[in-house]
Structures are given as structure tokens and as C-alpha cells.
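Have a look at start_16.tsv; it's TSV, C-alpha atoms:
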chain	number	residue	atom	x	y	z
A	1	MET	CA	89.50	121.62	126.37
A	2	ASN	CA	88.65	122.21	122.72
A	3	ILE	CA	91.30	122.66	120.08
A	4	ALA	CA	90.93	122.94	116.33
A	5	ILE	CA	94.15	123.23	114.38
A	6	SER	CA	94.28	124.67	110.90
A	7	ASN	CA	97.21	123.55	108.80
A	8	THR	CA	96.45	126.05	106.11
A	9	SER	CA	96.54	129.06	108.42
A	10	GLU	CA	99.43	131.52	108.27
A	11	LYS	CA	99.64	131.30	112.05
A	12	PRO	CA	102.20	128.89	113.47
A	13	ILE	CA	100.53	125.94	115.17
A	14	TYR	CA	101.95	126.73	118.63
A	15	GLN	CA	100.37	130.19	118.33
A	16	GLN	CA	97.02	128.62	117.45
A	17	LEU	CA	97.26	126.33	120.48
A	18	PHE	CA	98.23	129.21	122.75
A	19	GLU	CA	95.43	131.48	121.52
A	20	GLN	CA	92.71	128.86	121.79
A	21	ILE	CA	93.70	127.65	125.24
A	22	SER	CA	94.31	131.12	126.67
A	23	ALA	CA	90.90	132.24	125.40
A	24	GLN	CA	89.25	129.28	127.11
A	25	ILE	CA	91.07	130.04	130.35
A	26	LEU	CA	90.26	133.75	130.30
A	27	LYS	CA	86.61	133.10	129.50
A	28	GLY	CA	86.48	130.75	132.48
A	29	GLU	CA	85.75	127.66	130.39
A	30	LEU	CA	88.82	126.02	131.88
A	31	GLU	CA	88.80	126.52	135.62
A	32	SER	CA	91.79	127.00	137.84
A	33	GLY	CA	93.34	123.67	138.77
A	34	TYR	CA	92.31	122.08	135.48
A	35	SER	CA	95.05	119.66	134.49
A	36	LEU	CA	96.42	120.02	130.97
A	37	PRO	CA	97.35	116.78	129.18
A	38	PRO	CA	101.07	115.87	129.28
A	39	ILE	CA	103.06	117.45	126.43
A	40	ARG	CA	103.98	114.23	124.63
A	41	GLN	CA	100.47	112.84	124.90
A	42	ALA	CA	98.95	116.08	123.58
A	43	ALA	CA	101.42	116.10	120.68
A	44	GLN	CA	100.47	112.58	119.69
A	45	GLU	CA	96.75	113.23	119.94
A	46	LEU	CA	96.86	116.53	118.09
A	47	ARG	CA	99.26	115.13	115.48
A	48	VAL	CA	101.73	117.97	115.98
A	49	SER	CA	105.36	117.89	117.04
A	50	VAL	CA	106.36	117.65	120.70
A	51	ILE	CA	108.15	120.99	120.56
A	52	THR	CA	105.07	122.70	119.16
A	53	VAL	CA	103.07	121.74	122.25
A	54	LYS	CA	106.00	122.53	124.53
A	55	LYS	CA	106.22	126.04	123.09
A	56	ALA	CA	102.48	126.66	123.53
A	57	TRP	CA	102.59	125.44	127.16
A	58	GLU	CA	105.68	127.59	127.84
A	59	GLU	CA	103.95	130.65	126.44
A	60	LEU	CA	100.89	129.96	128.62
A	61	GLU	CA	103.14	129.69	131.64
A	62	ARG	CA	105.02	132.88	130.76
A	63	CYS	CA	101.70	134.74	130.67
A	64	GLY	CA	100.83	133.36	134.09
A	65	LEU	CA	97.90	131.32	132.79
A	66	ILE	CA	99.20	127.92	133.84
A	67	ASN	CA	101.64	126.59	136.46
A	68	THR	CA	103.96	123.64	136.10
A	69	VAL	CA	104.27	121.33	139.08
A	70	THR	CA	107.37	119.21	138.57
A	71	GLY	CA	106.47	115.55	138.25
A	72	LYS	CA	102.74	116.24	138.22
A	73	GLY	CA	102.03	118.29	135.14
A	74	CYS	CA	100.59	121.63	134.11
A	75	PHE	CA	97.56	123.19	135.75
A	76	VAL	CA	95.45	126.23	135.02
A	77	ALA	CA	96.63	128.90	137.43
A	78	ASP	CA	94.60	130.31	140.27
A	79	PHE	CA	94.06	134.01	139.69
A	80	SER	CA	91.85	136.79	140.92
A	81	PRO	CA	89.45	138.69	138.62
A	82	ASP	CA	92.00	141.54	138.70
A	83	ASP	CA	94.79	139.29	137.46
A	84	LYS	CA	92.49	137.96	134.79
A	85	LEU	CA	91.74	141.45	133.57
A	86	ARG	CA	95.42	142.37	133.60
A	87	ILE	CA	96.44	139.28	131.61
A	88	ARG	CA	93.60	139.78	129.16
A	89	ASN	CA	94.58	143.41	128.62
A	90	GLU	CA	98.22	142.47	128.13
A	91	MET	CA	97.26	140.01	125.42
A	92	ILE	CA	94.92	142.44	123.71
A	93	MET	CA	97.57	145.15	123.83
A	94	LYS	CA	100.14	142.86	122.31
A	95	GLN	CA	97.83	142.30	119.37
A	96	MET	CA	97.11	146.05	119.20
A	97	VAL	CA	100.81	146.91	119.03
A	98	HIS	CA	101.06	144.61	116.06
A	99	ASP	CA	97.95	145.99	114.38
A	100	THR	CA	98.90	149.58	115.08
A	101	SER	CA	102.17	149.28	113.20
A	102	TYR	CA	100.12	148.05	110.26
A	103	TYR	CA	97.80	151.09	110.43
A	104	LYS	CA	100.75	153.42	110.82
A	105	SER	CA	102.40	151.98	107.73
A	106	PHE	CA	99.47	153.48	105.81
A	107	GLY	CA	99.86	156.78	107.64
A	108	LEU	CA	96.49	156.59	109.42
A	109	THR	CA	95.90	158.94	112.36
A	110	LEU	CA	94.39	157.69	115.62
A	111	GLU	CA	91.15	159.48	114.75
A	112	GLU	CA	90.92	157.75	111.41
A	113	VAL	CA	91.56	154.36	113.00
A	114	MET	CA	88.91	155.03	115.66
A	115	GLU	CA	86.45	156.04	112.98
A	116	LEU	CA	86.99	152.76	111.08
A	117	MET	CA	87.03	150.71	114.26
A	118	LYS	CA	83.69	152.20	115.28
A	119	LYS	CA	82.15	151.18	111.99
A	120	ILE	CA	83.42	147.65	112.38
A	121	TYR	CA	82.20	147.37	115.97
A	122	GLU	CA	78.74	148.51	115.03
A	123	ALA	CA	78.37	146.44	111.86
A	124	PRO	CA	81.26	144.38	110.58
A	125	PRO	CA	81.31	144.72	106.79
A	126	ASP	CA	81.44	141.63	104.63
A	127	LEU	CA	85.00	141.75	103.34
A	128	PRO	CA	86.44	139.22	100.93
B	1	MET	CA	121.26	113.61	126.16
B	2	LEU	CA	121.98	113.58	122.46
B	3	ALA	CA	120.72	110.65	120.41
B	4	LEU	CA	122.82	111.79	117.52
B	5	ASP	CA	125.83	114.06	117.46
B	6	ILE	CA	127.45	114.64	114.11
B	7	ARG	CA	130.46	116.88	113.86
B	8	ASN	CA	132.37	118.16	110.86
B	9	LEU	CA	131.81	115.22	108.54
B	10	SER	CA	133.61	115.66	105.25
B	11	LYS	CA	134.06	113.34	102.33
B	12	THR	CA	135.28	114.08	98.84
B	13	TYR	CA	134.17	112.10	95.82
B	14	PRO	CA	135.25	112.86	92.25
B	15	ASN	CA	132.02	114.72	91.53
B	16	PHE	CA	130.57	115.39	94.95
B	17	GLN	CA	131.66	116.71	98.29
B	18	LEU	CA	130.17	116.42	101.76
B	19	LYS	CA	131.42	119.54	103.52
B	20	ASP	CA	131.66	119.96	107.24
B	21	VAL	CA	128.30	118.37	108.06
B	22	THR	CA	127.38	119.12	111.68
B	23	PHE	CA	124.08	118.65	113.51
B	24	GLN	CA	122.62	117.19	116.70
B	25	LEU	CA	119.39	115.45	117.63
B	26	GLU	CA	118.22	115.38	121.21
B	27	LYS	CA	116.80	112.15	122.62
B	28	GLY	CA	113.04	111.71	122.30
B	29	TYR	CA	112.46	113.88	119.26
B	30	ILE	CA	111.83	113.57	115.53
B	31	MET	CA	114.14	115.21	113.03
B	32	GLY	CA	113.34	115.58	109.37
B	33	PHE	CA	116.34	115.52	107.06
B	34	ILE	CA	115.54	117.34	103.84
B	35	GLY	CA	117.33	118.10	100.63
B	36	ALA	CA	116.94	117.67	96.88
B	37	ASN	CA	117.98	114.49	95.08
B	38	GLY	CA	121.74	114.24	95.16
B	39	ALA	CA	122.15	116.82	97.95
B	40	GLY	CA	123.94	114.32	100.19
B	41	LYS	CA	121.19	112.88	102.41
B	42	THR	CA	122.00	109.23	101.81
B	43	THR	CA	125.76	109.86	101.90
B	44	THR	CA	125.35	111.55	105.29
B	45	ILE	CA	123.18	108.72	106.61
B	46	LYS	CA	125.64	106.11	105.38
B	47	SER	CA	128.52	107.90	107.07
B	48	MET	CA	126.53	108.01	110.32
B	49	LEU	CA	126.25	104.25	110.22
B	50	ASN	CA	129.92	103.79	109.35
B	51	LEU	CA	128.94	102.27	106.02
B	52	ILE	CA	131.25	104.62	104.19
B	53	HIS	CA	134.49	106.02	105.49
B	54	THR	CA	134.63	109.74	105.75
B	55	ASP	CA	137.75	111.85	105.30
B	56	SER	CA	137.19	113.60	108.61
B	57	GLY	CA	134.61	114.19	111.31
B	58	GLU	CA	132.99	112.32	114.15
B	59	VAL	CA	129.66	110.59	114.68
B	60	ARG	CA	128.41	109.87	118.19
B	61	ILE	CA	125.23	107.87	118.67
B	62	LEU	CA	123.60	107.65	122.11
B	63	GLY	CA	126.79	109.14	123.49
B	64	LYS	CA	129.20	106.67	121.89
B	65	ASN	CA	131.49	106.94	118.91
B	66	ILE	CA	130.11	104.79	116.08
B	67	ALA	CA	133.52	103.90	114.67
B	68	GLU	CA	134.63	102.53	118.04
B	69	HIS	CA	131.38	100.88	119.12
B	70	GLU	CA	129.85	99.91	115.81
B	71	ILE	CA	128.57	96.42	116.63
B	72	GLU	CA	127.21	97.38	120.03
B	73	LEU	CA	125.49	100.51	118.70
B	74	LYS	CA	123.89	98.76	115.76
B	75	GLN	CA	121.87	96.68	118.23
B	76	GLU	CA	120.34	99.98	119.37
B	77	ILE	CA	119.72	101.45	115.92
B	78	GLY	CA	116.91	100.59	113.57
B	79	TYR	CA	117.66	101.61	110.03
B	80	ALA	CA	115.93	101.27	106.73
B	81	PHE	CA	116.97	102.48	103.32
B	82	GLY	CA	113.83	102.60	101.22
B	83	SER	CA	112.66	99.16	100.21
B	84	ILE	CA	114.14	95.68	100.44
B	85	ASP	CA	115.72	94.59	97.19
B	86	PHE	CA	117.85	91.64	98.05
B	87	TYR	CA	116.98	87.92	98.31
B	88	THR	CA	113.88	88.86	96.37
B	89	ARG	CA	113.07	85.22	95.51
B	90	SER	CA	112.80	84.33	99.20
B	91	LYS	CA	109.71	84.44	101.32
B	92	ILE	CA	109.38	87.16	103.94
B	93	LYS	CA	109.54	84.44	106.60
B	94	THR	CA	112.88	83.13	105.33
B	95	LEU	CA	114.49	86.54	105.12
B	96	THR	CA	113.29	87.52	108.59
B	97	ASP	CA	114.83	84.36	110.03
B	98	VAL	CA	118.17	85.48	108.60
B	99	VAL	CA	117.91	89.08	109.84
B	100	LYS	CA	116.70	88.32	113.37
B	101	LYS	CA	119.79	86.25	114.16
B	102	PHE	CA	121.85	89.44	114.18
B	103	TYR	CA	119.84	91.06	116.95
B	104	ALA	CA	120.14	90.08	120.60
B	105	ASN	CA	116.91	91.90	121.47
B	106	TRP	CA	114.79	90.68	118.58
B	107	ASP	CA	111.17	90.50	119.71
B	108	ASP	CA	108.89	88.12	117.76
B	109	GLU	CA	105.80	89.59	119.35
B	110	ILE	CA	106.60	93.11	118.21
B	111	TYR	CA	107.50	91.76	114.78
B	112	SER	CA	104.14	90.01	114.40
B	113	TYR	CA	102.42	93.17	115.56
B	114	TYR	CA	104.02	95.14	112.72
B	115	LEU	CA	103.25	92.42	110.18
B	116	ARG	CA	99.61	92.75	111.17
B	117	ARG	CA	99.67	96.55	111.28
B	118	PHE	CA	101.28	96.72	107.84
B	119	LYS	CA	99.11	93.86	106.50
B	120	LEU	CA	102.13	91.84	105.42
B	121	ASP	CA	101.79	88.15	104.59
B	122	GLU	CA	104.83	86.20	105.78
B	123	ASN	CA	104.43	83.56	103.10
B	124	LYS	CA	104.79	85.98	100.22
B	125	LYS	CA	108.03	86.32	98.34
B	126	ILE	CA	109.76	89.68	98.33
B	127	VAL	CA	109.45	89.85	94.55
B	128	GLU	CA	105.67	89.58	94.88
B	129	LEU	CA	105.42	92.67	97.08
B	130	SER	CA	104.57	96.14	95.78
B	131	THR	CA	107.03	99.01	96.40
B	132	GLY	CA	104.96	100.23	99.31
B	133	MET	CA	104.79	96.79	100.89
B	134	ARG	CA	108.56	96.38	100.56
B	135	VAL	CA	109.06	99.69	102.37
B	136	LYS	CA	106.73	98.52	105.11
B	137	TYR	CA	108.49	95.18	105.43
B	138	ASN	CA	111.82	96.98	105.72
B	139	LEU	CA	110.35	99.15	108.48
B	140	ALA	CA	108.99	96.09	110.31
B	141	LEU	CA	112.52	94.68	110.32
B	142	ALA	CA	113.95	97.99	111.57
B	143	LEU	CA	111.44	98.23	114.43
B	144	SER	CA	111.47	94.71	115.83
B	145	HIS	CA	114.60	94.76	117.97
B	146	GLY	CA	113.68	97.60	120.31
B	147	PRO	CA	115.83	100.31	118.71
B	148	LYS	CA	116.52	103.54	120.62
B	149	LEU	CA	117.35	105.46	117.46
B	150	LEU	CA	115.66	105.07	114.11
B	151	ILE	CA	117.50	106.22	111.02
B	152	LEU	CA	115.22	106.00	108.03
B	153	ASP	CA	116.07	107.02	104.50
B	154	GLU	CA	112.94	108.03	102.58
B	155	PRO	CA	110.58	105.87	104.63
B	156	THR	CA	107.48	107.51	103.20
B	157	SER	CA	108.33	107.47	99.50
B	158	GLY	CA	106.37	104.87	97.59
B	159	LEU	CA	103.64	104.84	100.22
B	160	ASP	CA	100.09	105.97	99.54
B	161	PRO	CA	98.67	108.87	101.61
B	162	ILE	CA	96.85	106.50	103.97
B	163	ALA	CA	99.95	104.45	104.66
B	164	ARG	CA	102.01	107.64	105.12
B	165	ASP	CA	99.51	108.97	107.59
B	166	ASP	CA	99.60	105.68	109.49
B	167	LEU	CA	103.40	105.78	109.52
B	168	LEU	CA	103.53	109.33	110.89
B	169	ASP	CA	101.09	108.25	113.58
B	170	LEU	CA	103.41	105.36	114.39
B	171	PHE	CA	106.44	107.68	114.58
B	172	GLN	CA	104.66	109.94	117.04
B	173	SER	CA	103.60	107.04	119.24
B	174	LEU	CA	107.20	105.78	119.24
B	175	VAL	CA	108.59	109.07	120.55
B	176	ALA	CA	105.69	109.62	122.97
B	177	GLU	CA	107.57	107.99	125.85
B	178	GLY	CA	110.57	110.22	125.21
B	179	GLU	CA	113.00	107.29	124.91
B	180	ILE	CA	113.15	106.75	121.15
B	181	SER	CA	114.52	109.28	118.65
B	182	ILE	CA	113.91	109.34	114.92
B	183	LEU	CA	115.85	110.82	112.04
B	184	PHE	CA	114.16	110.46	108.70
B	185	SER	CA	115.04	111.84	105.34
B	186	THR	CA	112.34	112.74	102.90
B	187	HIS	CA	111.45	115.07	100.12
B	188	ILE	CA	107.75	114.90	100.95
B	189	THR	CA	107.96	117.95	103.19
B	190	SER	CA	104.26	118.04	104.10
B	191	ASP	CA	104.94	114.94	106.23
B	192	LEU	CA	107.40	116.99	108.25
B	193	GLU	CA	105.44	120.22	108.64
B	194	LYS	CA	103.27	118.33	111.10
B	195	CYS	CA	105.25	115.78	113.04
B	196	ALA	CA	108.92	116.81	112.98
B	197	ASP	CA	110.43	118.67	115.93
B	198	TYR	CA	113.62	119.60	114.11
B	199	ILE	CA	114.55	120.16	110.50
B	200	THR	CA	118.00	119.72	109.01
B	201	TYR	CA	118.42	120.96	105.48
B	202	ILE	CA	121.28	119.80	103.31
B	203	HIS	CA	122.08	121.39	99.98
B	204	ASN	CA	125.04	120.51	97.74
B	205	GLY	CA	126.69	118.56	100.52
B	206	ARG	CA	126.49	121.39	103.05
B	207	ILE	CA	124.09	121.87	105.95
B	208	ILE	CA	122.22	125.09	105.22
B	209	ASN	CA	120.29	125.08	108.48
B	210	SER	CA	119.51	122.70	111.34
B	211	ALA	CA	116.98	124.05	113.83
B	212	GLU	CA	113.73	123.53	115.63
B	213	LYS	CA	111.06	123.40	112.90
B	214	GLU	CA	109.25	126.62	113.76
B	215	GLU	CA	112.50	128.58	114.09
B	216	PHE	CA	113.66	127.05	110.84
B	217	ILE	CA	110.58	128.23	108.94
B	218	GLU	CA	110.45	131.60	110.69
B	219	SER	CA	114.04	132.38	109.76
B	220	TYR	CA	112.86	132.86	106.17
B	221	LEU	CA	110.21	135.04	104.57
B	222	LEU	CA	108.61	134.79	101.18
B	223	LEU	CA	108.31	138.22	99.62
B	224	ASN	CA	105.80	139.16	97.03
B	225	GLY	CA	105.72	142.54	95.34
B	226	SER	CA	105.76	144.57	92.18
B	227	VAL	CA	108.79	144.68	89.91
B	228	SER	CA	109.58	148.21	91.10
B	229	GLN	CA	109.80	146.90	94.67
B	230	LEU	CA	112.35	144.30	93.66
B	231	ASP	CA	115.36	146.60	93.26
B	232	PRO	CA	115.72	147.72	96.89
B	233	VAL	CA	115.63	144.12	98.16
B	234	LYS	CA	117.31	142.31	95.27
B	235	GLU	CA	120.71	142.13	96.94
B	236	GLN	CA	119.33	140.54	100.11
B	237	LEU	CA	117.20	137.90	98.41
B	238	ILE	CA	118.37	134.28	98.41
B	239	SER	CA	116.75	133.99	94.99
B	240	TYR	CA	113.67	135.27	93.22
B	241	LYS	CA	111.38	134.76	90.26
B	242	THR	CA	109.80	137.51	88.21
B	243	ASN	CA	106.81	137.48	85.92
B	244	SER	CA	104.37	139.99	84.51
B	245	PHE	CA	102.60	140.23	87.89
B	246	GLY	CA	105.68	141.12	89.91
B	247	PHE	CA	108.22	139.06	91.81
B	248	THR	CA	108.38	136.47	94.55
B	249	GLY	CA	111.58	135.81	96.42
B	250	LEU	CA	112.97	134.22	99.55
B	251	ILE	CA	114.86	136.26	102.11
B	252	HIS	CA	116.45	135.60	105.51
B	253	ALA	CA	113.98	137.09	107.99
B	254	LYS	CA	116.80	139.07	109.64
B	255	ASP	CA	117.56	140.82	106.32
B	256	PHE	CA	114.00	141.98	105.79
B	257	ASP	CA	113.16	145.64	106.22
B	258	PRO	CA	109.41	145.94	107.02
B	259	SER	CA	109.35	149.64	106.15
B	260	LEU	CA	109.73	148.73	102.47
B	261	ASN	CA	106.10	147.64	102.55
B	262	VAL	CA	106.62	144.49	100.54
B	263	LYS	CA	104.17	141.71	101.30
B	264	ALA	CA	105.93	139.06	103.39
B	265	ALA	CA	104.49	135.61	104.08
B	266	ARG	CA	105.55	132.49	105.92
B	267	PRO	CA	107.12	130.06	103.45
B	268	THR	CA	106.59	126.31	103.42
B	269	LEU	CA	109.56	123.94	103.68
B	270	GLU	CA	109.07	123.14	100.03
B	271	GLU	CA	109.30	126.80	99.03
B	272	ILE	CA	112.50	127.20	101.04
B	273	MET	CA	114.03	124.25	99.19
B	274	ILE	CA	112.91	125.52	95.81
B	275	TYR	CA	114.40	129.00	96.29
B	276	PHE	CA	117.70	127.64	97.55
B	277	ALA	CA	117.92	125.40	94.49
B	278	LYS	CA	117.16	128.40	92.29
B	279	LYS	CA	120.03	130.30	93.83
B	280	GLU	CA	122.56	128.25	91.87
B	281	ASP	CA	120.69	128.59	88.62
B	282	MET	CA	120.91	132.36	88.93
B	283	TYR	CA	124.68	132.43	89.04
B	284	VAL	CA	125.29	129.83	86.36

Using C-alpha cells, write down the structure that the file contains.
Amino acid sequence: MNIAISNTSEKPIYQQLFEQISAQILKGELESGYSLPPIRQAAQELRVSVITVKKAWEELERCGLINTVTGKGCFVADFSPDDKLRIRNEMIMKQMVHDTSYYKSFGLTLEEVMELMKKIYEAPPDLP
Amino acid sequence: MLALDIRNLSKTYPNFQLKDVTFQLEKGYIMGFIGANGAGKTTTIKSMLNLIHTDSGEVRILGKNIAEHEIELKQEIGYAFGSIDFYTRSKIKTLTDVVKKFYANWDDEIYSYYLRRFKLDENKKIVELSTGMRVKYNLALALSHGPKLLILDEPTSGLDPIARDDLLDLFQSLVAEGEISILFSTHITSDLEKCADYITYIHNGRIINSAEKEEFIESYLLLNGSVSQLDPVKEQLISYKTNSFGFTGLIHAKDFDPSLNVKAARPTLEEIMIYFAKKEDMYV
């Protein structure tokens, strides 16, 4: 499991942990049954607070990505390709809901957003 | 189980008042206790340890009332107020021999471990130690009798960045088993942004907020906008600053209306403290 935490990012650290681990699970880099390190050990190694790790693990569990076995620890869940797709889409949509409200605040229509999105997909511009 | 349970502490001094201080710390976690100089951090800590008598309120440590079980509980508490500044003409060795007699569970092995970790020479006199070394010696004393609760007043002040980093590492390894709890006061908030689980903020003798760190930070937003955007939010802001580029101000996240289109960012603990302090200045 690879994790790189940025302390200067606007994103809360538990969010960073959640995003990085969920991406690795959904891409298949962490296989089902993979055992996550215990919360307190992870906190110490990552130099973050215990609750930060706890929150990230809870969020992973809520999304169905990991299972907690009492007394044994947390393991990457066993899911079918369909489940994987569903979870991935849920996460993407969550982000899209957030982004969409931003676009709407500028009064953009769906067509305008699609137009811009297309440009970015084809060749991401170098923005400052 | 609660390591620390403080309820409605009040104490009136001629020029200062501790008002209804209430907060709790669950066992196995780290709490940062923040506030400006003179906000009441040390007074609160001293009342926790029954070193000053409060007018009202109750302090329970590890489930027991401190006033009723003071001697017993102090075996379980490790506390350090900044640096050592008594018996300064004595050698470390001599002073330790005095202190260890008070603790039934004093452990010489652990003590020597901390002397080595903090690079302290037992044959030096207290007066010969730098500020940082005195802080470290005080911590070594606080940690050598197997305390279940550590109460540390400004343990990182006077330490260089490397020593502070080492200390935070030590704090995290102490709570890793889930048995030891730590309350430490500081005004170096960057130390807390990383390792603290909970933040308690005291201002003018009152607790402004005591919450899990992330919730604490997320309950505020730092707004940044043009002067014309200030008017609609002015009333809701905790305080604000204006200059020729616009304004910045702190707001309770629940009071923020996103449709106003003002840029809102996540504040740091330091920024939260600064804007609360500014609040008074604005009404003076």
C-alpha cells in the first residue's frame, strides 16, 4: 500500500488517505483479503492522529471497500466486477455533484460544460 | 473510558476569570490544549491537578475525583510544566534521587532510556543545562513512573524543530497501545495539526470549542473577497481584516451561505486563534 500525505493540501488528511487507498483498491493494486495495518500502528507510521486514520478506514468501510473483522483487523473486501463498477461510479458521481455545483454557480449550461470537458479530455491545457 | 473529565470549572481572580470550563478526553488519545498567552491554559491545568482550589466544578481523572483521590491519582499522572527551575545547583542525578522516592512505580530502566534518548548527562547541574535540555529532563521525570495520563504544559516550547519532531514521535508511540492519554498545551499549533486527535481551545478563560481536530477545523471557514462582498457577511463574521485588496474573515461554517460566491478556504488552527483574538479588538 502506497500513501503520500501532503500537509500543505487543502484536503483533510483523512480524505487524502481515503482517496489514495480507495483508488488502489479499485484499480486492483490491493487485492481482496489484503490486510490493512492496525489503526494505531498506521497513525504512528504515517505521523497522523489516530482519529484521522480511523475516519479514513470508516469511510472505506462505509463505501464497501473494506470489511472489519472484530479482533482481527480490516481487510479489502471481496467484490465482483459489477460491485467494483458500482462503487467506482458512486465515488465519481459524488465528485461530480460537487463539481457541478461549482459550474452552476457560474451559470454554465450542460452543453457548455461538455464542450470544456471535451477539450480537457483531448488535451489538458497548462493552467497555472 | 474517559482519561480526563472536567466539568464546569470556575475560578475568579481579581483580574481574571476561568468560566465554566468543561471538556473530556477519551483514553488512548492526544488532546492539544490551545490558547493565547494568559487565556487560562496553565490555570486550567493547575486546577486539574488540584494545585489551585477552584470556586466550583469537578475534575475526574481515570474515573476518579482528583480532590478525593489526589495522592493515588498522582502516581498515575505524569506532569511537566515547561522546564525545571528549582534546585538548579544540584546535579541531575541528585534531583532525580529526590523525585523518584515519591513514585511507587518508578522504573530506573525507563528513566535511563529517556536520558539516552534526550542525550542528558546525569552528572551535569541543572544550571548548566540549556532551556531545551531542562524541558527534556522534566519530561524524562514525568515519563519514568509509568503514567497513564500525561499532562504537559508547553512541552515543545524552547525545543528546536528536531527535538520537537522527536517528541511528537514519542507521544504517538506512547498512545499507540491505546492505554496512555496525553493532554498538552502549546501555542505552536503546527505540532498539533499532525498528531493531535482532539483540540480544546480556551480564550479569555472560556472554552470556545473542544472537538475532534478535523471537526474543529471544519467548523470554521476563512473567507476572502472584495470589499463589496464584505457587507452581506459582515454580521456573521467572527472578525475580519480589510485592506486595499479586499477582506479576509473567519466565519462559523454553519453561518456561511455558499450562494454569495465568496472564496472560502480551510483555516489553520493558528488563523482560528488569530481571528478570535481580533474579535475583542474590534469591540474595544

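Take atom CA of Leu192 of chain B and atom CA of Gly32 of chain B: the distance between them is 6.2 Å.
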
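Taking atom CA of Ile6 of chain B and atom CA of Glu58 of chain B as endpoints, the distance between them is 6.0 Å.
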
(message) Measuring between all atoms listed in the file, which one of B:Ile208, B:Val262, B:Ala104, B:Leu129 shows the shortest distance to Phe23 of chain B?
(response) B:Ile208

(message) Please compute the atom CA of Ile182 of chain B-atom CA of Arg40 of chain A distance, one decimal, in Å.
(response) 14.7 Å

(message) Tell me as a PyMOL selection string which residues belonging to chain A come within 9 Å of chain B, counting all atoms listed in the file.
(response) chain A and resi 7+10-14+39-41+43-44+47-52+105
